[in-house]
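K.L.:
Before anything else, here's the structure in question.
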2 protein chains.
Amino acid sequence: MGVELPTREKINAAAERLRVHVRRTPVVAVRGIDLGLDIDNVTLKLELLQHTGSFKPRGAFNRILAGNVPAAGLIAASGGNHAQAVAYAGTRLGLPTEIFVPETIPAIKLARLRQYDAEIRLVGEYYDEAREASEVRAAATGALVVHAYDQPAVVAGAGTLARELAEQVSDIDTVLVAVGGGGLMAGTACWADNDFDVVAVEPERCPTLHAALGAGAPVDVEVSGLASDSLAARRIGQIAFAAAQRAGSRSVLVTDAAIRAAQVTLWDRLRLVVEPGGATALAALLSGAYEPAHDERVVALVCGANTDPGSVQQG
Amino acid sequence: MGVELPTREKINAAAERLRVHVRRTPVVAVRGIDLGLDIDNVTLKLELLQHTGSFKPRGAFNRILAGNVPAAGLIAASGGNHAQAVAYAGTRLGLPTEIFVPETIPAIKLARLRQYDAEIRLVGEYYDEAREASEVRAAATGALVVHAYDQPAVVAGAGTLARELAEQVSDIDTVLVAVGGGGLMAGTACWADNDFDVVAVEPERCPTLHAALGAGAPVDVEVSGLASDSLAARRIGQIAFAAAQRAGSRSVLVTDAAIRAAQVTLWDRLRLVVEPGGATALAALLSGAYEPAHDERVVALVCGANTDPGSVQQG
């Protein structure tokens, strides 16, 4: 397909670049019984503790640091988390930064975005409209486009999460990862290289990978629902699709109710505030959409927390 | 003084007893610059991820499992977090359990308490009144008293946190720990055994250790303020006072405003919801009440999260 998939060497190089810019996020092992699951343990990778509250700085910093940045600086489009990551990176590195976000961005994400030294442009209802506007603008200014998921350096940066995880947890069988555009899934699958299975988890109402695997190629889908502020790319990335195909990854679908229940459980049992997209991977396990063997060593990536903290309580 | 201080052997034995009952909580290293501090790194021990959202199950399980439990079961008094821990332990172990809590217990702690198979008695305004009522009742029923802090087995259980921390982080210089009754501080100091310094942090409005160190013995103090639901014992425990004296620990005082600012920072920079008592140790660092050397390796215990998650936002 002509798509370049990051190698472990590329991910190693990314990890070296990111060392001072990205936080090493911890893992916690939780007994299955604590979550009502017939499984010994589940490990949660607490990437919500990353700078800006999501995994996105990994890809953003790697894209920016892997090459030269033009005088026009950085440009990006995002449903919110990638926007924060690029704005954060631009501010930390002292680079001019322009960010396009959809008008549906949650207030809490917009408020955080305004804390950084970046120009914010509100365009369209969903991510893709903001992305199209950003591309027109990038062609005019010559700024470095930091894509939210579909660039090799962004995927390699995201892959550093899996590399770190493999240092922290031995003998992983399966990693559950939420998919929107698929950058984190792609990075995880490229690092895994068959050492462990990567299971993609998608909201029923944002099934980009599911549709692509059915059609044999990335296709546009309708996107909506609880997690659409972070997982509502309309089309899976080319890199993510190629990575999923090569790895033979499954796409498991979860309902909005299952995502909501996972958010409530994460607060009730672990005192973690997690946004819908961040709780989506675990939702597959809690809802039974993914059923592991009793002794399967499963890791769920808990990858974002940019939500109103008051929203995670039951009721 | 005739006070028995737990040895490392006792703490090792506690750790073995607790192994299947207590979660190994993670640590995360945070750059000083992320917190506005002139220090390389601060490590946070994320004990808020413990069962029931605080460190209290460590002491409770160890007290219960270290001896025989009478047919009358368990009895405890608590400002809230210890109550949850004992109710959780009683439920997990299938033991009859009676819990005395002050009427000022936050609604969120009371609601959680009611999820367990325990009898709840609401008595008095502060912890000590509930404790006195529980002692009268215990004398009548013969139930095993699980004290919130001032029993050797409870302190040894709390000490397992420091033991775990020492496995996770090498070369610690200083551990900052919040003090109410002082059980966690005592357990930490008993494990430390001069391997690292233990600095006690207390709200200005709950200065039990500070007053005791000034007076040369535990004395009653007035308690109030933001963290009083978890740190408002009126008098430091005998064990805690002896441990602090032996270790030469300082007591550092922080204002309610500093505690509140630490809660806001923990949400803003790490997406952690932390209750006032849980943020008190870090507050000493953020407010400058404790000033480490630039290269000092400092750990702050983040030991509780039983608060309304919506309360941690700025404004």
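Quick note on naming: the chains in the structure tokens go A, B, ... in the order shown, residues restart at 1 in each chain, and ligands are numbered from 1 in order of appearance.
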At a cut-off of 10 Å, using only C-alpha atoms, what residues contact segment 177-181 of chain A? Leave out same-chain residues fewer than 3 positions from it and give the result as a PyMOL selection string.

P.N.:
chain A and resi 148-150+174+184-186+188-189+198-203+206-210+223+227-241+251-253+277-284+299-303

K.L.:
I'd like the contact shell of Leu110 of chain A - 12 Å cut-off, only C-alpha atoms, skipping same-chain residues fewer than 4 positions apart - returned as a PyMOL selection string.

P.N.:
chain A and resi 78-84+87+99-106+114-116+118-122+229+306-307

K.L.:
Report the closest atom pair, with its distance in Å rounded to one decimal, for each residue of chain A that has an atom no farther than 10 Å from chain B; count only C-alpha atoms, sort by chain and then rising residue number, and write it as a tab-separated table.

P.N.:
```
residue	atom	partner	partner_atom	distance
A:Val20	CA	B:Arg31	CA	9.3
A:His21	CA	B:Arg31	CA	9.9
A:Arg23	CA	B:Val30	CA	7.3
A:Arg24	CA	B:Val28	CA	7.3
A:Thr25	CA	B:Val28	CA	6.4
A:Pro26	CA	B:Pro26	CA	6.0
A:Val27	CA	B:Pro26	CA	6.5
A:Val28	CA	B:Pro26	CA	6.1
A:Ala29	CA	B:Arg24	CA	7.5
A:Val30	CA	B:Arg23	CA	7.3
A:Arg31	CA	B:Arg23	CA	8.5
A:Asp34	CA	B:His51	CA	9.0
A:Leu46	CA	B:Pro26	CA	9.6
A:Leu48	CA	B:Arg271	CA	7.0
A:Leu49	CA	B:Leu270	CA	5.0
A:Gln50	CA	B:Leu270	CA	6.9
A:His51	CA	B:Arg269	CA	6.9
A:Thr52	CA	B:Arg269	CA	7.2
A:Gly53	CA	B:Arg271	CA	6.2
A:Ser54	CA	B:Arg271	CA	9.6
A:Arg112	CA	B:Asp268	CA	9.0
A:Leu266	CA	B:Leu49	CA	10.0
A:Trp267	CA	B:Pro309	CA	8.9
A:Asp268	CA	B:Thr52	CA	8.4
A:Arg269	CA	B:His51	CA	6.9
A:Leu270	CA	B:Leu49	CA	5.0
A:Arg271	CA	B:Leu49	CA	6.1
A:Leu272	CA	B:Leu272	CA	7.0
A:Val273	CA	B:Val273	CA	7.3
A:Val274	CA	B:Arg271	CA	8.7
A:Gly304	CA	B:Arg271	CA	9.1
A:Ala305	CA	B:Arg271	CA	6.4
A:Asn306	CA	B:Arg271	CA	8.0
A:Thr307	CA	B:Arg271	CA	9.6
A:Asp308	CA	B:Gly310	CA	7.2
A:Pro309	CA	B:Gly310	CA	5.1
A:Gly310	CA	B:Gly310	CA	3.7
A:Ser311	CA	B:Gly310	CA	7.5
A:Val312	CA	B:Pro309	CA	7.7
A:Gln313	CA	B:Pro309	CA	7.8
```

K.L.:
If DSSP is run on the backbone, what residues of segment 101-276 of chain A are alpha helix (DSSP H)? A reply as a PyMOL selection string would be ideal.

P.N.:
chain A and resi 107-113+127-141+152-168+183-192+208-215+228-231+238-247+256-270+276

K.L.:
Tell me, in Å to one decimal, how far atom CA of Leu74 of chain A is from atom CA of Ala143 of chain A.

P.N.:
5.2 Å

K.L.:
Using only C-alpha atoms, find the one residue out of A:Ile75, A:Val3, A:Val264, A:Val298 that sits nearest to Val146 of chain A.

P.N.:
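For Val146 of chain A, the nearest of the given residues is A:Ile75.
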
K.L.:
Quick one: residues within 10 Å of Pro292 of chain B, only C-alpha atoms, excluding same-chain residues fewer than 4 positions away - as an MDAnalysis selection string?

P.N.:
chainID B and resid 37:39 173:174 285 288 296:298

K.L.:
What lies within 12 Å of Arg19 of chain B using only C-alpha atoms, ignoring chain neighbours under 3 positions off, as a list in words?

P.N.:
Arg31 of chain A; Asn12, Ala13, Ala14, Ala15, Glu16, Val22, Arg23, Arg24, Pro57, Arg58, Phe61, Asn62, Leu65, Gly157, Thr160, Leu161 and Glu164 of chain B

K.L.:
Those residues with N, CA and C atoms, as a JSON list (two decimals), in the first residue's frame please?

P.N.:
```json
[["chain", "number", "residue", "atom", "x", "y", "z"],
["A", 31, "ARG", "N", -7.29, -6.43, 40.57],
["A", 31, "ARG", "CA", -7.83, -7.78, 40.54],
["A", 31, "ARG", "C", -9.14, -7.81, 39.75],
["B", 12, "ASN", "N", 7.24, -6.19, 57.64],
["B", 12, "ASN", "CA", 7.37, -7.28, 56.65],
["B", 12, "ASN", "C", 6.25, -8.31, 56.83],
["B", 13, "ALA", "N", 5.97, -8.67, 58.08],
["B", 13, "ALA", "CA", 4.91, -9.64, 58.34],
["B", 13, "ALA", "C", 3.55, -9.08, 57.90],
["B", 14, "ALA", "N", 3.36, -7.79, 58.15],
["B", 14, "ALA", "CA", 2.11, -7.16, 57.71],
["B", 14, "ALA", "C", 1.98, -7.22, 56.19],
["B", 15, "ALA", "N", 3.07, -6.93, 55.51],
["B", 15, "ALA", "CA", 3.03, -6.93, 54.05],
["B", 15, "ALA", "C", 2.64, -8.31, 53.52],
["B", 16, "GLU", "N", 3.12, -9.34, 54.16],
["B", 16, "GLU", "CA", 2.77, -10.70, 53.75],
["B", 16, "GLU", "C", 1.28, -10.96, 53.97],
["B", 22, "VAL", "N", -4.61, -5.92, 49.58],
["B", 22, "VAL", "CA", -4.28, -4.51, 49.37],
["B", 22, "VAL", "C", -3.65, -4.35, 48.00],
["B", 23, "ARG", "N", -3.99, -3.26, 47.36],
["B", 23, "ARG", "CA", -3.46, -2.98, 46.03],
["B", 23, "ARG", "C", -2.06, -2.38, 46.15],
["B", 24, "ARG", "N", -1.16, -2.80, 45.27],
["B", 24, "ARG", "CA", 0.14, -2.15, 45.16],
["B", 24, "ARG", "C", -0.08, -0.88, 44.34],
["B", 57, "PRO", "N", -7.02, 0.86, 54.36],
["B", 57, "PRO", "CA", -7.14, -0.61, 54.42],
["B", 57, "PRO", "C", -5.85, -1.31, 54.87],
["B", 58, "ARG", "N", -4.72, -0.69, 54.68],
["B", 58, "ARG", "CA", -3.46, -1.34, 55.09],
["B", 58, "ARG", "C", -3.46, -1.61, 56.59],
["B", 61, "PHE", "N", -6.72, -4.07, 57.66],
["B", 61, "PHE", "CA", -6.56, -5.50, 57.36],
["B", 61, "PHE", "C", -5.50, -6.12, 58.27],
["B", 62, "ASN", "N", -4.42, -5.37, 58.51],
["B", 62, "ASN", "CA", -3.37, -5.96, 59.34],
["B", 62, "ASN", "C", -3.84, -6.18, 60.77],
["B", 65, "LEU", "N", -6.23, -9.23, 60.65],
["B", 65, "LEU", "CA", -5.64, -10.53, 60.28],
["B", 65, "LEU", "C", -4.50, -10.94, 61.20],
["B", 157, "GLY", "N", 0.65, -1.94, 59.58],
["B", 157, "GLY", "CA", -0.04, -2.04, 58.29],
["B", 157, "GLY", "C", 0.20, -0.79, 57.45],
["B", 160, "THR", "N", 3.47, -0.60, 55.61],
["B", 160, "THR", "CA", 3.69, -1.34, 54.36],
["B", 160, "THR", "C", 3.70, -0.41, 53.16],
["B", 161, "LEU", "N", 3.08, 0.75, 53.31],
["B", 161, "LEU", "CA", 3.12, 1.73, 52.21],
["B", 161, "LEU", "C", 4.56, 2.18, 51.98],
["B", 164, "GLU", "N", 6.66, -0.60, 50.44],
["B", 164, "GLU", "CA", 6.36, -0.70, 49.01],
["B", 164, "GLU", "C", 7.05, 0.44, 48.25]]
```

K.L.:
Hey, which of A:Ala257, A:Ala72, A:Val86, A:Ala262 ends up closest to Glu275 of chain A? Count only C-alpha atoms.

P.N.:
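Among A:Ala257, A:Ala72, A:Val86, A:Ala262, it is A:Ala262 that comes nearest to Glu275 of chain A.
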
K.L.:
Give me, please, the distance in Å between atom CA of Phe196 of chain A and atom CA of Arg246 of chain A, quoted to one decimal.

P.N.:
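Taking atom CA of Phe196 of chain A and atom CA of Arg246 of chain A, their separation equals 13.4 Å.
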
K.L.:
Based on DSSP run over this structure's backbone, return all residues of segment 16-111 of chain A in strand (DSSP E or B), as a ChimeraX atom specification.

P.N.:
/A:27-31,41-46,54,74-77,97-101

K.L.:
Could you jot down the atom CA of Ala66 of chain A to atom CA of Glu98 of chain A separation for me, Å, one decimal place?

P.N.:
19.2 Å

K.L.:
Using only C-alpha atoms for the distances, tell me which of B:Ala258, B:Glu204, B:Ser249, B:His147 is nearest to Cys190 of chain B.

P.N.:
B:Ser249
